[in-house]
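This report concerns only the one structure given below.
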Amino acid sequence: MNQFQYIRPSKQQAAIEAVAKDANARFIAGGTNLVDLMKRGVMAPQKLVDINRLPLIKIEHENGGLRIGALALNSAVADDRQVRERQPLLAQAINAGASAQLRNMATTGGNMLQRTRCPYFYDTALPCNKREPGSGCGALEGINRMHAIFGFSDKCIAVHPSDMSVALVALDATVLVSGPKGDRRLPFADLHRLPGDTPEKDTTLEPGELITAVEVPDGPFTKHVSYYKVRERASYAFALVSAAVALDLDGNTIKAARLAFGGVAHKPWRLQTAEQFLVGKPATEETFRQAAAVAMQGAKAFKHNEYKLKLAPNTLIQALRNAAAA
Ligand SMILES: Cc1cc2nc3c(=O)[nH]c(=O)nc-3n(C[C@H](O)[C@H](O)[C@H](O)COP(=O)(O)OP(=O)(O)OC[C@H]3O[C@@H](n4cnc5c(N)ncnc54)[C@H](O)[C@@H]3O)c2cc1C
Ligand code: SF4
């Protein structure tokens, strides 16, 4: 591992300034992703700004929603009584990710900012536009079975790996950000970006911007929810495809729906057209199949990930069945 400086400020402004002033500085929270990338030589920050002394750990319910501090551990959020009662979809999605040990280290902010698991990104001997802009994309003509079917570009076809983020985009969460120019609120759907010509940028955050919390508004989605994740083994594996579903049912009629896919795009993939399709329809197998067909409009596969064109709609249908039956 390369040498690096390490500081642990106790004031938020000091942490932000330390990263904003130095292009080679990075925040570190649980370290479960960043340290891994440093050990493999994928990232080489010269300064680590440890944010664990900042008071960003609380999970509160206020102003009609949950406010989850950026340093709240994944395990603490998934186990929190208010989260389980008010946003069970979020608890399910977090528990579907990583292992219990990792969830005890991983933080809310770090989980949403973890980097892609594209194997070419991790292997420094291979070309990757995200790791080294302009070097090419090894996955485009290579082994691309884990890769995107929506929203990709000819520069990058990687997918975003976070399970928690799939639930957060479905639940209309808002990210609270503090930076050198002040504080701002960002719809969760606008946090991650599509690769376009600049796949090295995963998010719309400016240099030095710190995520301080995420807010999830209260809604009617307290019962009929399902986070359904398809992976290669039962635990400790990233999603091939996942689907987050929250339904508001009146008897058997769907009053409102929130849907998103994971494992299919460079960002958690909200399915608003399919949500609108479901409103007013009966919660039946036929409706679910039609909604899944709507959700897949515009999908396009590569040589090794054609299976996702079938797997994704089937995953959504299963999540819809689970949610309706819950
Ligand atoms: C073997 C393994 C299996 C895994 N399986 C899954 C899985 O199935 N599903 C899943 O979702 N995840 C999975 N993970 C990923 C794991 O959940 C993430 O590593 C973790 O959530 C990252 O959180 P962290 O706090 O450790 O982040 P760190 O590693 O500390 O940071 C990650 C990134 O976020 C930045 N950062 C951290 N906090 C902030 C903040 N508040 N503001 C601004 N920037 C910040 C850092 O600079 C860094 O770039 C797995 C990890 C491993 C090692
Ligand atoms: S898909 Fe993206 S992350 Fe993977 S090799 Fe291509 S540019 Fe790199």
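Residue numbering restarts at 1 for every chain of the structure tokens, chains are lettered A, B, ... in their displayed order, and ligands are numbered from 1 as they appear.
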
Name the residues, by chain letter and number, that sit within 6 Å of ligand 1 using only C-alpha atoms and all ligand atoms, and give them as a compact mmCIF listing (two decimals) with N, CA, C and O atoms, in the first residue's frame.
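File part08.txt, as written:
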# COMPACT_ATOMS: atom_id res chain seq x y z
N ARG A 26 -9.37 12.05 0.52
CA ARG A 26 -10.67 11.37 0.48
C ARG A 26 -11.21 11.20 1.90
O ARG A 26 -10.44 10.96 2.83
N PHE A 27 -12.53 11.29 2.04
CA PHE A 27 -13.17 10.93 3.31
C PHE A 27 -13.07 9.42 3.47
O PHE A 27 -13.14 8.66 2.49
N ILE A 28 -12.96 8.98 4.71
CA ILE A 28 -13.11 7.55 4.98
C ILE A 28 -14.08 7.36 6.13
O ILE A 28 -14.02 8.09 7.13
N ALA A 29 -15.00 6.41 5.97
CA ALA A 29 -16.00 6.14 7.03
C ALA A 29 -15.71 4.74 7.59
O ALA A 29 -14.79 4.56 8.38
N GLY A 30 -16.44 3.71 7.14
CA GLY A 30 -16.17 2.35 7.62
C GLY A 30 -14.91 1.76 6.99
O GLY A 30 -14.29 0.84 7.53
N GLY A 31 -14.55 2.26 5.83
CA GLY A 31 -13.32 1.82 5.15
C GLY A 31 -13.46 0.47 4.43
O GLY A 31 -12.51 0.00 3.84
N THR A 32 -14.64 -0.13 4.44
CA THR A 32 -14.77 -1.49 3.88
C THR A 32 -14.64 -1.51 2.37
O THR A 32 -14.34 -2.53 1.79
N ASN A 33 -14.83 -0.38 1.71
CA ASN A 33 -14.62 -0.32 0.27
C ASN A 33 -13.31 0.41 -0.05
O ASN A 33 -12.47 -0.08 -0.80
N LEU A 34 -13.13 1.57 0.58
CA LEU A 34 -11.97 2.40 0.22
C LEU A 34 -10.64 1.68 0.55
O LEU A 34 -9.72 1.69 -0.28
N ALA A 70 -25.24 10.04 8.19
CA ALA A 70 -24.35 9.38 7.21
C ALA A 70 -23.46 8.33 7.87
O ALA A 70 -22.98 7.43 7.20
N GLY A 97 -27.61 -7.07 1.71
CA GLY A 97 -26.27 -6.69 1.25
C GLY A 97 -25.16 -7.21 2.15
O GLY A 97 -25.32 -7.26 3.37
N ALA A 98 -24.07 -7.62 1.55
CA ALA A 98 -22.82 -7.97 2.26
C ALA A 98 -23.06 -9.05 3.32
O ALA A 98 -23.91 -9.93 3.16
N MET A 105 -19.69 -2.58 10.06
CA MET A 105 -18.65 -1.57 9.79
C MET A 105 -19.14 -0.52 8.79
O MET A 105 -18.77 0.64 8.87
N ALA A 106 -19.92 -0.97 7.83
CA ALA A 106 -20.31 -0.11 6.70
C ALA A 106 -21.30 0.96 7.16
O ALA A 106 -22.21 0.70 7.94
N THR A 107 -21.12 2.16 6.62
CA THR A 107 -21.98 3.28 7.01
C THR A 107 -22.98 3.62 5.89
O THR A 107 -22.80 3.23 4.73
N GLY A 109 -23.52 6.61 4.45
CA GLY A 109 -22.89 7.41 3.39
C GLY A 109 -21.95 6.58 2.55
O GLY A 109 -21.95 6.66 1.32
N GLY A 110 -21.14 5.76 3.20
CA GLY A 110 -20.16 4.94 2.48
C GLY A 110 -20.82 3.92 1.59
O GLY A 110 -20.34 3.63 0.48
N ASN A 111 -21.94 3.36 2.04
CA ASN A 111 -22.62 2.35 1.22
C ASN A 111 -23.11 2.95 -0.09
O ASN A 111 -22.94 2.36 -1.16
N LEU A 113 -21.86 5.43 -1.62
CA LEU A 113 -20.76 5.91 -2.45
C LEU A 113 -19.73 4.83 -2.76
O LEU A 113 -18.65 5.12 -3.28
N GLN A 114 -20.03 3.59 -2.43
CA GLN A 114 -19.12 2.50 -2.79
C GLN A 114 -19.00 2.44 -4.31
O GLN A 114 -19.92 2.84 -5.04
N PRO A 161 -23.29 -1.08 -7.30
CA PRO A 161 -23.48 -2.31 -6.52
C PRO A 161 -24.32 -2.21 -5.25
O PRO A 161 -24.61 -3.24 -4.63
N SER A 162 -24.73 -1.02 -4.83
CA SER A 162 -25.37 -0.90 -3.50
C SER A 162 -26.81 -1.40 -3.51
O SER A 162 -27.62 -0.96 -4.33
N ASP A 163 -27.14 -2.28 -2.57
CA ASP A 163 -28.54 -2.72 -2.41
C ASP A 163 -29.37 -1.63 -1.74
O ASP A 163 -30.50 -1.35 -2.15
N MET A 164 -28.82 -1.04 -0.67
CA MET A 164 -29.55 -0.01 0.08
C MET A 164 -30.03 1.11 -0.84
O MET A 164 -31.16 1.61 -0.72
N LEU A 210 -19.55 16.54 1.56
CA LEU A 210 -19.73 15.45 2.52
C LEU A 210 -21.22 15.13 2.61
O LEU A 210 -22.06 16.04 2.75
N ILE A 211 -21.58 13.88 2.53
CA ILE A 211 -22.97 13.49 2.80
C ILE A 211 -23.13 13.49 4.31
O ILE A 211 -22.34 12.86 5.03
N THR A 212 -24.13 14.20 4.80
CA THR A 212 -24.34 14.26 6.25
C THR A 212 -25.50 13.37 6.70
O THR A 212 -25.50 12.88 7.82
N TYR A 236 -23.37 -12.90 0.87
CA TYR A 236 -22.04 -12.38 0.61
C TYR A 236 -21.76 -12.23 -0.88
O TYR A 236 -20.64 -12.43 -1.32
N ALA A 237 -22.78 -11.96 -1.67
CA ALA A 237 -22.56 -11.76 -3.10
C ALA A 237 -23.38 -10.57 -3.56
O ALA A 237 -24.46 -10.29 -3.02
N PHE A 238 -22.84 -9.87 -4.55
CA PHE A 238 -23.57 -8.72 -5.10
C PHE A 238 -24.70 -9.22 -5.99
O PHE A 238 -24.68 -10.35 -6.48

Q: Around ligand 2, at most 10 Å away and counting only C-alpha atoms and all ligand atoms, which residues are there? Put them as number ranges by chain, please.
A: A: 115-123, 126-144, 146-148, 152-160, 195, 198-200, 266

Please identify every residue of segment 287-324 of chain A that has at least one atom no farther than 10 Å from an atom of segment 226-234 of chain A, counting only C-alpha atoms, and for each give the shortest atom pair and the distance in Å to one decimal, arranged by chain then increasing number, as CSV.
residue,atom,partner,partner_atom,distance
A:Leu311,CA,A:Val230,CA,8.6
A:Ala312,CA,A:Val230,CA,9.2
A:Thr315,CA,A:Tyr228,CA,6.8
A:Leu316,CA,A:Tyr228,CA,7.8
A:Ile317,CA,A:Tyr228,CA,9.7
A:Gln318,CA,A:Tyr228,CA,7.3
A:Ala319,CA,A:Tyr228,CA,5.4
A:Leu320,CA,A:Ser226,CA,7.2
A:Arg321,CA,A:Ser226,CA,8.6
A:Asn322,CA,A:Ser226,CA,5.9
A:Ala323,CA,A:Ser226,CA,4.9
A:Ala324,CA,A:Ser226,CA,8.8

Any chance you could export the current selection's all heavy atoms as a PDB file, in the first residue's frame?
ATOM      1  N   LEU A 311     -33.990 -12.339 -16.732  1.00  0.00           N
ATOM      2  CA  LEU A 311     -33.896 -12.370 -15.269  1.00  0.00           C
ATOM      3  C   LEU A 311     -34.530 -11.124 -14.633  1.00  0.00           C
ATOM      4  O   LEU A 311     -35.220 -11.215 -13.612  1.00  0.00           O
ATOM      5  CB  LEU A 311     -32.423 -12.481 -14.846  1.00  0.00           C
ATOM      6  CG  LEU A 311     -32.163 -12.565 -13.348  1.00  0.00           C
ATOM      7  CD1 LEU A 311     -32.804 -13.800 -12.738  1.00  0.00           C
ATOM      8  CD2 LEU A 311     -30.658 -12.572 -13.073  1.00  0.00           C
ATOM      9  N   ALA A 312     -34.292  -9.963 -15.252  1.00  0.00           N
ATOM     10  CA  ALA A 312     -34.786  -8.720 -14.644  1.00  0.00           C
ATOM     11  C   ALA A 312     -36.321  -8.703 -14.545  1.00  0.00           C
ATOM     12  O   ALA A 312     -36.858  -8.475 -13.450  1.00  0.00           O
ATOM     13  CB  ALA A 312     -34.250  -7.505 -15.400  1.00  0.00           C
ATOM     14  N   THR A 315     -37.435 -11.145 -11.930  1.00  0.00           N
ATOM     15  CA  THR A 315     -37.122 -10.673 -10.567  1.00  0.00           C
ATOM     16  C   THR A 315     -38.175  -9.667 -10.105  1.00  0.00           C
ATOM     17  O   THR A 315     -38.653  -9.716  -8.960  1.00  0.00           O
ATOM     18  CB  THR A 315     -35.715 -10.030 -10.553  1.00  0.00           C
ATOM     19  OG1 THR A 315     -34.789 -10.983 -11.045  1.00  0.00           O
ATOM     20  CG2 THR A 315     -35.308  -9.603  -9.160  1.00  0.00           C
ATOM     21  N   LEU A 316     -38.550  -8.783 -11.016  1.00  0.00           N
ATOM     22  CA  LEU A 316     -39.571  -7.786 -10.661  1.00  0.00           C
ATOM     23  C   LEU A 316     -40.916  -8.464 -10.381  1.00  0.00           C
ATOM     24  O   LEU A 316     -41.619  -8.121  -9.414  1.00  0.00           O
ATOM     25  CB  LEU A 316     -39.697  -6.749 -11.787  1.00  0.00           C
ATOM     26  CG  LEU A 316     -40.707  -5.636 -11.549  1.00  0.00           C
ATOM     27  CD1 LEU A 316     -40.374  -4.826 -10.291  1.00  0.00           C
ATOM     28  CD2 LEU A 316     -40.779  -4.690 -12.757  1.00  0.00           C
ATOM     29  N   ILE A 317     -41.275  -9.422 -11.215  1.00  0.00           N
ATOM     30  CA  ILE A 317     -42.557 -10.126 -11.012  1.00  0.00           C
ATOM     31  C   ILE A 317     -42.558 -10.819  -9.645  1.00  0.00           C
ATOM     32  O   ILE A 317     -43.538 -10.747  -8.893  1.00  0.00           O
ATOM     33  CB  ILE A 317     -42.802 -11.146 -12.153  1.00  0.00           C
ATOM     34  CG1 ILE A 317     -43.072 -10.405 -13.463  1.00  0.00           C
ATOM     35  CG2 ILE A 317     -43.974 -12.082 -11.822  1.00  0.00           C
ATOM     36  CD1 ILE A 317     -42.993 -11.288 -14.712  1.00  0.00           C
ATOM     37  N   GLN A 318     -41.436 -11.474  -9.299  1.00  0.00           N
ATOM     38  CA  GLN A 318     -41.383 -12.160  -8.000  1.00  0.00           C
ATOM     39  C   GLN A 318     -41.478 -11.154  -6.848  1.00  0.00           C
ATOM     40  O   GLN A 318     -42.173 -11.407  -5.857  1.00  0.00           O
ATOM     41  CB  GLN A 318     -40.092 -12.980  -7.889  1.00  0.00           C
ATOM     42  CG  GLN A 318     -40.037 -13.864  -6.668  1.00  0.00           C
ATOM     43  CD  GLN A 318     -41.201 -14.856  -6.603  1.00  0.00           C
ATOM     44  OE1 GLN A 318     -41.525 -15.524  -7.573  1.00  0.00           O
ATOM     45  NE2 GLN A 318     -41.869 -14.905  -5.453  1.00  0.00           N
ATOM     46  N   ALA A 319     -40.818 -10.018  -6.986  1.00  0.00           N
ATOM     47  CA  ALA A 319     -40.895  -9.005  -5.926  1.00  0.00           C
ATOM     48  C   ALA A 319     -42.325  -8.462  -5.804  1.00  0.00           C
ATOM     49  O   ALA A 319     -42.817  -8.211  -4.697  1.00  0.00           O
ATOM     50  CB  ALA A 319     -39.905  -7.882  -6.215  1.00  0.00           C
ATOM     51  N   LEU A 320     -42.997  -8.280  -6.942  1.00  0.00           N
ATOM     52  CA  LEU A 320     -44.394  -7.808  -6.914  1.00  0.00           C
ATOM     53  C   LEU A 320     -45.296  -8.836  -6.223  1.00  0.00           C
ATOM     54  O   LEU A 320     -46.146  -8.479  -5.392  1.00  0.00           O
ATOM     55  CB  LEU A 320     -44.883  -7.531  -8.335  1.00  0.00           C
ATOM     56  CG  LEU A 320     -44.391  -6.222  -8.959  1.00  0.00           C
ATOM     57  CD1 LEU A 320     -44.501  -6.253 -10.483  1.00  0.00           C
ATOM     58  CD2 LEU A 320     -45.174  -5.028  -8.399  1.00  0.00           C
ATOM     59  N   ARG A 321     -45.096 -10.117  -6.553  1.00  0.00           N
ATOM     60  CA  ARG A 321     -45.875 -11.184  -5.884  1.00  0.00           C
ATOM     61  C   ARG A 321     -45.641 -11.146  -4.379  1.00  0.00           C
ATOM     62  O   ARG A 321     -46.573 -11.197  -3.582  1.00  0.00           O
ATOM     63  CB  ARG A 321     -45.399 -12.558  -6.371  1.00  0.00           C
ATOM     64  CG  ARG A 321     -45.909 -13.001  -7.690  1.00  0.00           C
ATOM     65  CD  ARG A 321     -45.406 -14.453  -7.915  1.00  0.00           C
ATOM     66  NE  ARG A 321     -45.446 -14.785  -9.307  1.00  0.00           N
ATOM     67  CZ  ARG A 321     -44.422 -15.266 -10.018  1.00  0.00           C
ATOM     68  NH1 ARG A 321     -43.249 -15.517  -9.443  1.00  0.00           N
ATOM     69  NH2 ARG A 321     -44.556 -15.529 -11.288  1.00  0.00           N
ATOM     70  N   ASN A 322     -44.349 -11.071  -3.993  1.00  0.00           N
ATOM     71  CA  ASN A 322     -44.005 -11.066  -2.563  1.00  0.00           C
ATOM     72  C   ASN A 322     -44.655  -9.885  -1.852  1.00  0.00           C
ATOM     73  O   ASN A 322     -45.188 -10.018  -0.750  1.00  0.00           O
ATOM     74  CB  ASN A 322     -42.485 -10.956  -2.362  1.00  0.00           C
ATOM     75  CG  ASN A 322     -41.734 -12.165  -2.881  1.00  0.00           C
ATOM     76  OD1 ASN A 322     -42.331 -13.171  -3.224  1.00  0.00           O
ATOM     77  ND2 ASN A 322     -40.415 -12.047  -2.945  1.00  0.00           N
ATOM     78  N   ALA A 323     -44.558  -8.706  -2.501  1.00  0.00           N
ATOM     79  CA  ALA A 323     -45.087  -7.498  -1.863  1.00  0.00           C
ATOM     80  C   ALA A 323     -46.605  -7.591  -1.700  1.00  0.00           C
ATOM     81  O   ALA A 323     -47.148  -7.257  -0.640  1.00  0.00           O
ATOM     82  CB  ALA A 323     -44.714  -6.277  -2.696  1.00  0.00           C
ATOM     83  N   ALA A 324     -47.274  -8.074  -2.740  1.00  0.00           N
ATOM     84  CA  ALA A 324     -48.747  -8.177  -2.665  1.00  0.00           C
ATOM     85  C   ALA A 324     -49.170  -9.162  -1.584  1.00  0.00           C
ATOM     86  O   ALA A 324     -50.197  -8.969  -0.909  1.00  0.00           O
ATOM     87  CB  ALA A 324     -49.295  -8.600  -4.027  1.00  0.00           C
TER      88      ALA A 324
END

(Q) Give me, as a PyMOL selection string, all polymer residues having an atom no more than 6 Å from segment 72-77 of chain A, counting only C-alpha atoms and skipping those fewer than 2 positions away in the same chain. (A) chain A and resi 57+69-70+79-80+103-104+106-108

Q. Between atom CA of Val19 of chain A and atom CA of Asp190 of chain A, what is the distance, to one decimal in Å?
A. 22.0 Å

Within 10 Å of segment 2-14 of chain A, which residues of segment 46-126 of chain A show up? Give each one with its shortest atom-to-atom distance in Å (one decimal) and the two atoms involved, counting only C-alpha atoms, rows by chain then rising residue number, as a tab-separated table.
residue	atom	partner	partner_atom	distance
A:Gln46	CA	A:Phe4	CA	4.5
A:Lys47	CA	A:Gln5	CA	4.5
A:Leu48	CA	A:Tyr6	CA	4.8
A:Val49	CA	A:Ile7	CA	5.2
A:Asp50	CA	A:Arg8	CA	4.7
A:Ile51	CA	A:Arg8	CA	6.4
A:Asn52	CA	A:Arg8	CA	7.4
A:Arg53	CA	A:Ser10	CA	5.0
A:Leu54	CA	A:Ser10	CA	5.5
A:Pro55	CA	A:Ser10	CA	8.4
A:Leu56	CA	A:Gln12	CA	9.5

Expected file: the selected residues, N, CA, C and O atoms, as a PDB file, in the first residue's frame:
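Just written: part-v4.pdb:
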ATOM      1  N   GLN A  46      -3.718  10.418  -1.137  1.00  0.00           N
ATOM      2  CA  GLN A  46      -2.521  10.728  -0.334  1.00  0.00           C
ATOM      3  C   GLN A  46      -2.885  11.210   1.058  1.00  0.00           C
ATOM      4  O   GLN A  46      -2.041  11.337   1.938  1.00  0.00           O
ATOM      5  N   LYS A  47      -4.187  11.508   1.235  1.00  0.00           N
ATOM      6  CA  LYS A  47      -4.644  11.903   2.572  1.00  0.00           C
ATOM      7  C   LYS A  47      -6.012  11.271   2.839  1.00  0.00           C
ATOM      8  O   LYS A  47      -6.917  11.383   2.009  1.00  0.00           O
ATOM      9  N   LEU A  48      -6.151  10.632   3.995  1.00  0.00           N
ATOM     10  CA  LEU A  48      -7.455  10.105   4.397  1.00  0.00           C
ATOM     11  C   LEU A  48      -8.008  10.982   5.516  1.00  0.00           C
ATOM     12  O   LEU A  48      -7.322  11.240   6.511  1.00  0.00           O
ATOM     13  N   VAL A  49      -9.238  11.442   5.323  1.00  0.00           N
ATOM     14  CA  VAL A  49      -9.891  12.263   6.330  1.00  0.00           C
ATOM     15  C   VAL A  49     -10.975  11.410   6.979  1.00  0.00           C
ATOM     16  O   VAL A  49     -12.060  11.221   6.419  1.00  0.00           O
ATOM     17  N   ASP A  50     -10.641  10.887   8.145  1.00  0.00           N
ATOM     18  CA  ASP A  50     -11.555   9.983   8.863  1.00  0.00           C
ATOM     19  C   ASP A  50     -12.686  10.824   9.467  1.00  0.00           C
ATOM     20  O   ASP A  50     -12.430  11.754  10.242  1.00  0.00           O
ATOM     21  N   ILE A  51     -13.937  10.488   9.119  1.00  0.00           N
ATOM     22  CA  ILE A  51     -15.064  11.322   9.576  1.00  0.00           C
ATOM     23  C   ILE A  51     -15.775  10.718  10.793  1.00  0.00           C
ATOM     24  O   ILE A  51     -16.820  11.210  11.206  1.00  0.00           O
ATOM     25  N   ASN A  52     -15.196   9.681  11.373  1.00  0.00           N
ATOM     26  CA  ASN A  52     -15.920   8.973  12.445  1.00  0.00           C
ATOM     27  C   ASN A  52     -16.100   9.767  13.738  1.00  0.00           C
ATOM     28  O   ASN A  52     -16.866   9.346  14.606  1.00  0.00           O
ATOM     29  N   ARG A  53     -15.395  10.914  13.868  1.00  0.00           N
ATOM     30  CA  ARG A  53     -15.620  11.739  15.063  1.00  0.00           C
ATOM     31  C   ARG A  53     -16.768  12.734  14.869  1.00  0.00           C
ATOM     32  O   ARG A  53     -17.158  13.418  15.806  1.00  0.00           O
ATOM     33  N   LEU A  54     -17.280  12.826  13.661  1.00  0.00           N
ATOM     34  CA  LEU A  54     -18.355  13.803  13.416  1.00  0.00           C
ATOM     35  C   LEU A  54     -19.683  13.243  13.951  1.00  0.00           C
ATOM     36  O   LEU A  54     -19.933  12.037  13.881  1.00  0.00           O
ATOM     37  N   PRO A  55     -20.553  14.110  14.465  1.00  0.00           N
ATOM     38  CA  PRO A  55     -21.803  13.634  15.083  1.00  0.00           C
ATOM     39  C   PRO A  55     -22.878  13.325  14.030  1.00  0.00           C
ATOM     40  O   PRO A  55     -23.889  14.021  13.930  1.00  0.00           O
ATOM     41  N   LEU A  56     -22.652  12.299  13.236  1.00  0.00           N
ATOM     42  CA  LEU A  56     -23.562  12.007  12.110  1.00  0.00           C
ATOM     43  C   LEU A  56     -24.121  10.586  12.215  1.00  0.00           C
ATOM     44  O   LEU A  56     -24.350   9.932  11.200  1.00  0.00           O
TER      45      LEU A  56
END

Q: Can you pull out every residue within 9 Å of Gly179 of chain A, counting only C-alpha atoms, but drop anything in the same chain fewer than 4 positions away, and send it as a PyMOL selection string?
A: chain A and resi 13+16-17+20+183-184+206-211

Q | From A:Val35, A:Val216, A:Ala243, A:Glu60, residue lying nearest Gln92 of chain A [only C-alpha atoms] | A |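 Checking each candidate against Gln92 of chain A, we get A:Ala243 as the closest.
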